[in-house]
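I have placed the structure first, in the form of structure tokens, so that the comments after it can refer back to it.
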Amino acid sequence: MSVGPPALRSPQGTKLDEHAVEGELTLQQCSVCQTVQYPPRELCRHCLGDELNWSAVSRGGDLLAYSELQHSLEPFFQEQSPWRLASVKLDCGPVVLARLTASCPSGNIRVEVSHTTLAGSCILQASPLNMENKP
Amino acid sequence: MTVRPQPYEGVALIAPVTVPYVRYSEHSAAWFIGSALAAMLQSSGLEKNAVDGLSVSSFTLAPDSAVSLVEHFGLQTRWLEQVGVGGASGVVAMRRAARAIQCGDADVVACIGGDTADPRSFTGTVANFSQFSNDAVYPQGAAGPNAPFSLITQRYMDTTGATREDFGRISVSQRYNANHYAGALLGHKTLDMQGYLDARQVAGPLHLFDCVMPCAGADGFLVTSVEKAQELGVPWLEILSADERHNAFAADPVQLRGGWELFADDLYSAAGVSPKDIDCLQTYDDYPVIVMLQFEGLGFCKPGGGAAFVRDTVLTFDGGGLPHNTNGGQLSVGQAGLGFLGVVESMRQLLGAADKHQVPEASLAMVSGYGMVNYDRGLCSAAAILRKGM
């Protein structure tokens, strides 16, 4: 039995993966009110319209919090622990959870978020930009 | 002006029961829920056919549902509900059932939260918890609820200056309480601050004793009219006030407050009391940081003041401060059944039925619920103030 990353996705999650381009950030955007949203869903969270586009959005954001996961329920991730997890407030609106590419301190860290592929699984990763803040 | 929510006059809570928690069980959730019903009938003296309303909450009942249980238990109900707001379900089920009684839609409603557990059930629940979690949380490390809560905890520490030792005060005092409650799964083990601090790391700031242990068990109570309770000759409790909010403060980038602060003032005002009058408080303790958010949101301290509050306040059941999670809470009893633990513990305290962990002269209890981390935060907040009926 292969031990890969968890593959269960909703139809919207599958579409997110299909639109993911390595190094870019493609999220749902409402064609009426321009709200960018994440996680993906079938209606706009603001105006409830259903004309949603997959748009390349700005990748910048502020690091909200960072934590190293020592334990996973999936053997695939357990082998890679500790897993560097961050929450990021994107400039374009939503909060995303993403894997940090480098360990970094909390507070006033700008990051760039993009899609990447890990063992066939699309995930988001966040790269710290102003690491000179590191004590 | 409409008073909202309307008072809960005429409603009685009776017959708090617990089906003992176990780490794993061969039994189904239906067995736990049905055994809770049987225990309530025994406690109240009611016949099964007197129960004409049923409210159930469970994470492990699928593929069955509330109506499956009506057939399973040979009931016939005129009122039926399945409350699925995670750890807020106990308080919310109580509110819903109270309205059914007030409106005459049912005479006796059994409210039960129950779960079974096997070594795979928790992983199964977490691996398919919600669409957002499946798409945007679980693929990022698959750490279950520890992942979002480690981020919330870290942000709370960065923002307020709370330390691990502050969270430890909550876990350690709850363990002391559990040492006095025979039903607590971890009650036979003591925990001191050093033991808390030395525990293995799980996720960022979260270590072993910040995390609950999923298990099997059930808690429940009956909701009926004061007339019916008096007719039965059983002690009863009244709901002085209760309220709930869902998806409060959605624009906050990190959950550093819950919905409680939107209705806490009204809770106290409707009950005619203030936080200092509360004799015992049961919060939903999936993680200590969420307990601090409840201390803050329910007015026991100011926003961001949770750490200072636990430094200054004794939280044990017999310490004379604010008796909190007086049977050990989920952190020491175990996690099953979606927030009914706190309701049932509040009822026992007010009825003087808490045995070795009885809070002396408890006459006013507050219970709070919190639940459903659909994505990066718990969406549901609820709370109630209860008093012994007179």
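Labels for the structure tokens follow display order: chains A, B, ..., residues from 1 in each chain, ligands from 1.
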Any chance you could tabulate, as CSV, the residues of chain A at most 10 Å from chain B with each one's nearest atom pair and distance in Å to one decimal, using only C-alpha atoms, in chain and rising number order?
```
residue,atom,partner,partner_atom,distance
A:Pro5,CA,B:Pro139,CA,7.0
A:Pro6,CA,B:Pro139,CA,6.1
A:Ala7,CA,B:Pro139,CA,7.7
A:Leu8,CA,B:Asn134,CA,6.4
A:Arg9,CA,B:Asp135,CA,5.4
A:Ser10,CA,B:Gln131,CA,6.1
A:Pro11,CA,B:Gln131,CA,9.3
A:Gln12,CA,B:Asp135,CA,8.1
A:Gly13,CA,B:Asp135,CA,5.0
A:Thr14,CA,B:Asp135,CA,8.1
A:Leu16,CA,B:Asp135,CA,8.7
A:Asp17,CA,B:Asp135,CA,9.3
A:Tyr38,CA,B:Ala136,CA,8.2
A:Pro39,CA,B:Phe132,CA,5.7
A:Pro40,CA,B:Phe132,CA,7.5
A:Arg41,CA,B:Phe132,CA,8.3
A:Leu64,CA,B:Arg155,CA,6.8
A:Ala65,CA,B:Leu151,CA,5.3
A:Tyr66,CA,B:Leu151,CA,6.1
A:Ser67,CA,B:Gly204,CA,4.2
A:Glu68,CA,B:Gly204,CA,4.7
A:Leu69,CA,B:Ala203,CA,4.2
A:Gln70,CA,B:Val202,CA,5.2
A:His71,CA,B:Val202,CA,5.9
A:Ser72,CA,B:Ala143,CA,4.4
A:Leu73,CA,B:Ala143,CA,5.8
A:Glu74,CA,B:Ala142,CA,6.1
A:Pro75,CA,B:Ala142,CA,9.4
A:Phe76,CA,B:Gly141,CA,8.8
A:Phe77,CA,B:Gly141,CA,5.7
A:Gln78,CA,B:Gly141,CA,8.2
A:Gln80,CA,B:Gly141,CA,8.9
A:Ser81,CA,B:Gly141,CA,8.5
A:Pro82,CA,B:Ala203,CA,8.6
A:Trp83,CA,B:Gly141,CA,6.3
A:Arg84,CA,B:Gly141,CA,8.4
A:Leu85,CA,B:Gln140,CA,7.4
A:Ala86,CA,B:Leu151,CA,7.2
A:Ser87,CA,B:Leu151,CA,6.9
A:Val88,CA,B:Pro253,CA,8.6
A:Lys89,CA,B:Pro253,CA,6.5
A:Leu90,CA,B:Pro253,CA,9.8
A:Gly93,CA,B:Pro253,CA,9.5
A:Pro94,CA,B:Pro253,CA,8.3
A:Val95,CA,B:Pro253,CA,6.5
A:Val96,CA,B:Ala136,CA,7.8
A:Leu97,CA,B:Val137,CA,6.7
A:Ala98,CA,B:Gln140,CA,6.6
A:Arg99,CA,B:Gln140,CA,6.7
A:Ser106,CA,B:Asp158,CA,7.6
A:Gly107,CA,B:Asp158,CA,7.8
A:Ser121,CA,B:Pro139,CA,7.7
A:Cys122,CA,B:Pro139,CA,8.1
A:Ile123,CA,B:Gln140,CA,6.5
A:Leu124,CA,B:Gln140,CA,7.7
A:Gln125,CA,B:Gln140,CA,9.2
```
- Leu298 of chain B environment, 9 Å, only C-alpha atoms, sequence neighbours closer than 4 positions dropped, as a PyMOL selection string: chain B and resi 260-261+263-265+275+293-294+368+383
- Message: as a list in words, please: the residues near Arg311 of chain B (cut-off 10 Å, only C-alpha atoms, same-chain neighbours under 6 positions excluded).
- Response: Glu165, Asp166, Phe167, Arg169 and Ile170 of chain B
Could you save those same residues with N, CA and C atoms as a PDB file, in the first residue's frame?
```pdb
ATOM      1  N   GLU B 165       3.205  28.289  30.985  1.00  0.00           N
ATOM      2  CA  GLU B 165       2.845  28.089  32.386  1.00  0.00           C
ATOM      3  C   GLU B 165       1.424  28.597  32.671  1.00  0.00           C
ATOM      4  N   ASP B 166       1.028  29.665  31.996  1.00  0.00           N
ATOM      5  CA  ASP B 166      -0.339  30.158  32.190  1.00  0.00           C
ATOM      6  C   ASP B 166      -1.363  29.121  31.738  1.00  0.00           C
ATOM      7  N   PHE B 167      -1.122  28.542  30.567  1.00  0.00           N
ATOM      8  CA  PHE B 167      -2.030  27.482  30.106  1.00  0.00           C
ATOM      9  C   PHE B 167      -1.980  26.297  31.072  1.00  0.00           C
ATOM     10  N   ARG B 169      -1.691  26.308  34.220  1.00  0.00           N
ATOM     11  CA  ARG B 169      -2.535  26.481  35.412  1.00  0.00           C
ATOM     12  C   ARG B 169      -3.923  25.897  35.183  1.00  0.00           C
ATOM     13  N   ILE B 170      -4.419  26.010  33.961  1.00  0.00           N
ATOM     14  CA  ILE B 170      -5.742  25.466  33.639  1.00  0.00           C
ATOM     15  C   ILE B 170      -5.696  23.938  33.658  1.00  0.00           C
TER      16      ILE B 170
END
```
- Within chain A, find each residue whose DSSP state, derived from the backbone, is alpha helix (DSSP H), and express the selection as a ChimeraX atom specification. /A:11-19,75-80
What would the file look like if the residues just selected were written as a CSV table (one decimal), in the first residue's frame with C-alpha atoms?
```csv
chain,number,residue,atom,x,y,z
A,11,PRO,CA,-15.1,19.1,-6.2
A,12,GLN,CA,-14.1,22.7,-5.5
A,13,GLY,CA,-10.8,21.5,-4.0
A,14,THR,CA,-10.1,19.4,-7.1
A,15,LYS,CA,-10.7,22.5,-9.2
A,16,LEU,CA,-8.3,24.5,-7.0
A,17,ASP,CA,-5.6,21.8,-7.6
A,18,GLU,CA,-6.4,21.8,-11.4
A,19,HIS,CA,-5.8,25.6,-11.6
A,75,PRO,CA,2.1,8.4,7.8
A,76,PHE,CA,3.2,10.5,4.8
A,77,PHE,CA,3.4,13.6,6.9
A,78,GLN,CA,4.6,11.9,10.0
A,79,GLU,CA,7.8,10.9,8.1
A,80,GLN,CA,8.4,14.5,7.3
```
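Excluding Tyr176 of chain B itself and any same-chain residue fewer than 5 positions from it, the protein and nucleic acid residues within 9 Å of it, counting only C-alpha atoms, are Ser171, Gly187, Thr190, Leu191, Asp192, Thr316, Phe317, Asn327 and Gly328 of chain B.
Atom CA of Ala353 of chain B lies 12.2 Å from atom CA of Lys388 of chain B.
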- Message: So that I can see what lies close to Arg23 of chain B, please list as an NGL selection string the residues with an atom at most 12 Å from it, counting only C-alpha atoms and leaving out residues fewer than 2 positions away in the same chain.
- Response: :B and (20-21 or 25-27 or 115-119 or 121-122 or 183-186 or 212-217 or 333-336)
Export of the given selection (N, CA and C atoms) as a short mmCIF file (atom, residue, chain, number, x, y, z; two decimals), in the first residue's frame:
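What follows is the written file part-v1.cif:
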```cif
data_model
loop_
_atom_site.label_atom_id
_atom_site.label_comp_id
_atom_site.auth_asym_id
_atom_site.auth_seq_id
_atom_site.Cartn_x
_atom_site.Cartn_y
_atom_site.Cartn_z
N PRO B 20 -20.57 5.98 31.67
CA PRO B 20 -19.13 6.13 31.93
C PRO B 20 -18.26 6.13 30.67
N TYR B 21 -17.30 7.08 30.68
CA TYR B 21 -16.38 7.22 29.55
C TYR B 21 -15.38 6.07 29.55
N SER B 25 -14.29 1.56 22.69
CA SER B 25 -15.42 0.68 22.97
C SER B 25 -15.81 -0.10 21.73
N GLU B 26 -16.29 -1.32 21.96
CA GLU B 26 -16.86 -2.14 20.89
C GLU B 26 -18.30 -1.71 20.60
N HIS B 27 -18.89 -0.98 21.54
CA HIS B 27 -20.28 -0.56 21.37
C HIS B 27 -20.38 0.58 20.36
N ASP B 115 -20.85 9.48 22.03
CA ASP B 115 -19.94 9.01 20.97
C ASP B 115 -19.36 7.66 21.35
N THR B 116 -19.04 6.89 20.33
CA THR B 116 -18.20 5.75 20.55
C THR B 116 -16.80 6.08 20.05
N ALA B 117 -15.85 5.21 20.28
CA ALA B 117 -14.48 5.44 19.81
C ALA B 117 -13.80 4.11 19.61
N ASP B 118 -13.13 3.98 18.50
CA ASP B 118 -12.21 2.86 18.32
C ASP B 118 -10.90 3.48 17.85
N PRO B 119 -9.84 2.69 17.75
CA PRO B 119 -8.54 3.30 17.44
C PRO B 119 -8.52 4.04 16.10
N SER B 121 -11.52 5.65 14.77
CA SER B 121 -12.65 6.55 14.55
C SER B 121 -12.24 8.02 14.58
N PHE B 122 -11.28 8.38 15.45
CA PHE B 122 -10.88 9.79 15.51
C PHE B 122 -10.22 10.22 14.20
N GLY B 183 -15.29 9.36 37.53
CA GLY B 183 -15.55 9.11 36.11
C GLY B 183 -14.51 9.67 35.17
N ALA B 184 -13.50 10.36 35.70
CA ALA B 184 -12.50 10.97 34.82
C ALA B 184 -11.49 9.92 34.36
N LEU B 185 -11.30 9.80 33.04
CA LEU B 185 -10.40 8.77 32.53
C LEU B 185 -8.96 8.97 33.01
N LEU B 186 -8.57 10.21 33.23
CA LEU B 186 -7.20 10.47 33.68
C LEU B 186 -7.17 10.84 35.17
N VAL B 212 -6.96 17.24 24.33
CA VAL B 212 -7.93 16.31 24.92
C VAL B 212 -7.73 14.91 24.34
N MET B 213 -8.23 13.94 25.07
CA MET B 213 -8.17 12.55 24.63
C MET B 213 -9.56 12.15 24.13
N PRO B 214 -9.69 11.89 22.83
CA PRO B 214 -11.00 11.43 22.34
C PRO B 214 -11.34 10.08 22.98
N CYS B 215 -12.60 9.88 23.29
CA CYS B 215 -12.99 8.63 23.95
C CYS B 215 -14.46 8.36 23.65
N ALA B 216 -14.99 7.29 24.26
CA ALA B 216 -16.40 6.92 24.11
C ALA B 216 -17.12 7.24 25.41
N GLY B 217 -18.39 7.64 25.27
CA GLY B 217 -19.18 7.94 26.46
C GLY B 217 -20.40 8.76 26.08
N VAL B 333 -11.18 14.38 31.84
CA VAL B 333 -12.23 13.34 31.82
C VAL B 333 -12.17 12.58 30.50
N GLY B 334 -11.92 13.30 29.39
CA GLY B 334 -11.96 12.73 28.06
C GLY B 334 -12.96 13.50 27.22
N GLN B 335 -12.85 13.36 25.89
CA GLN B 335 -13.73 14.10 24.99
C GLN B 335 -14.69 13.16 24.27
N ALA B 336 -15.96 13.31 24.60
CA ALA B 336 -17.01 12.55 23.92
C ALA B 336 -18.28 13.37 24.00
#
```
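Taking atom CA of Val22 of chain B and atom CA of Asp355 of chain B as the two end points, the separation is 20.5 Å.
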- Query: Excluding same-chain residues fewer than 4 positions from Ala15 of chain B, what lies within 7 Å of it counting only C-alpha atoms, as a PyMOL selection string?
  - Reply: chain B and resi 40+43-44+221-222
Using C-alpha atoms, can you write the selected residues to a file as a PDB file, in the first residue's frame?
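Output saved as part_38.pdb:
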```pdb
ATOM      1  CA  MET B  40     -32.540   9.131  32.654  1.00  0.00           C
ATOM      2  CA  SER B  43     -33.388   8.603  37.505  1.00  0.00           C
ATOM      3  CA  SER B  44     -36.656  10.422  36.798  1.00  0.00           C
ATOM      4  CA  PHE B 221     -30.470  15.350  30.699  1.00  0.00           C
ATOM      5  CA  LEU B 222     -34.232  15.750  30.417  1.00  0.00           C
TER       6      LEU B 222
END
```
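The smallest atom-to-atom distance between Gly114 of chain B and any of B:Leu338, B:Gly319, B:Ala308, B:Arg245, using only C-alpha atoms, is found for B:Leu338.
As for atom CA of Pro360 of chain B and atom CA of Gly195 of chain B, they are spaced 28.9 Å apart.
Neighbouring residues of Lys48 of chain B at 9 Å or closer, counting only C-alpha atoms and skipping chain neighbours under 3 positions away, are Leu37, Ala38, Leu41, Val51, Asp52, Gly74 and Leu75 of chain B.
Distance annotation: of A:Cys104, A:Ala119, A:Val36, A:Cys30, the residue with the minimal separation from Leu52 of chain A is A:Cys30; atom set is only C-alpha atoms.
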- Message: Given only C-alpha atoms as the basis, pick out the residue of B:Val223, B:Leu322, B:Ile278, B:Leu237 nearest to Leu351 of chain B.
- Response: B:Leu237
- Query: Would you give me, as a VMD selection string, the residues in chain A that DSSP reads as strand (DSSP E or B)?
  - Reply: chain A and resid 22 26 to 30 36 to 37 52 to 56 60 to 69 83 to 90 95 to 100 110 to 118 121 to 128
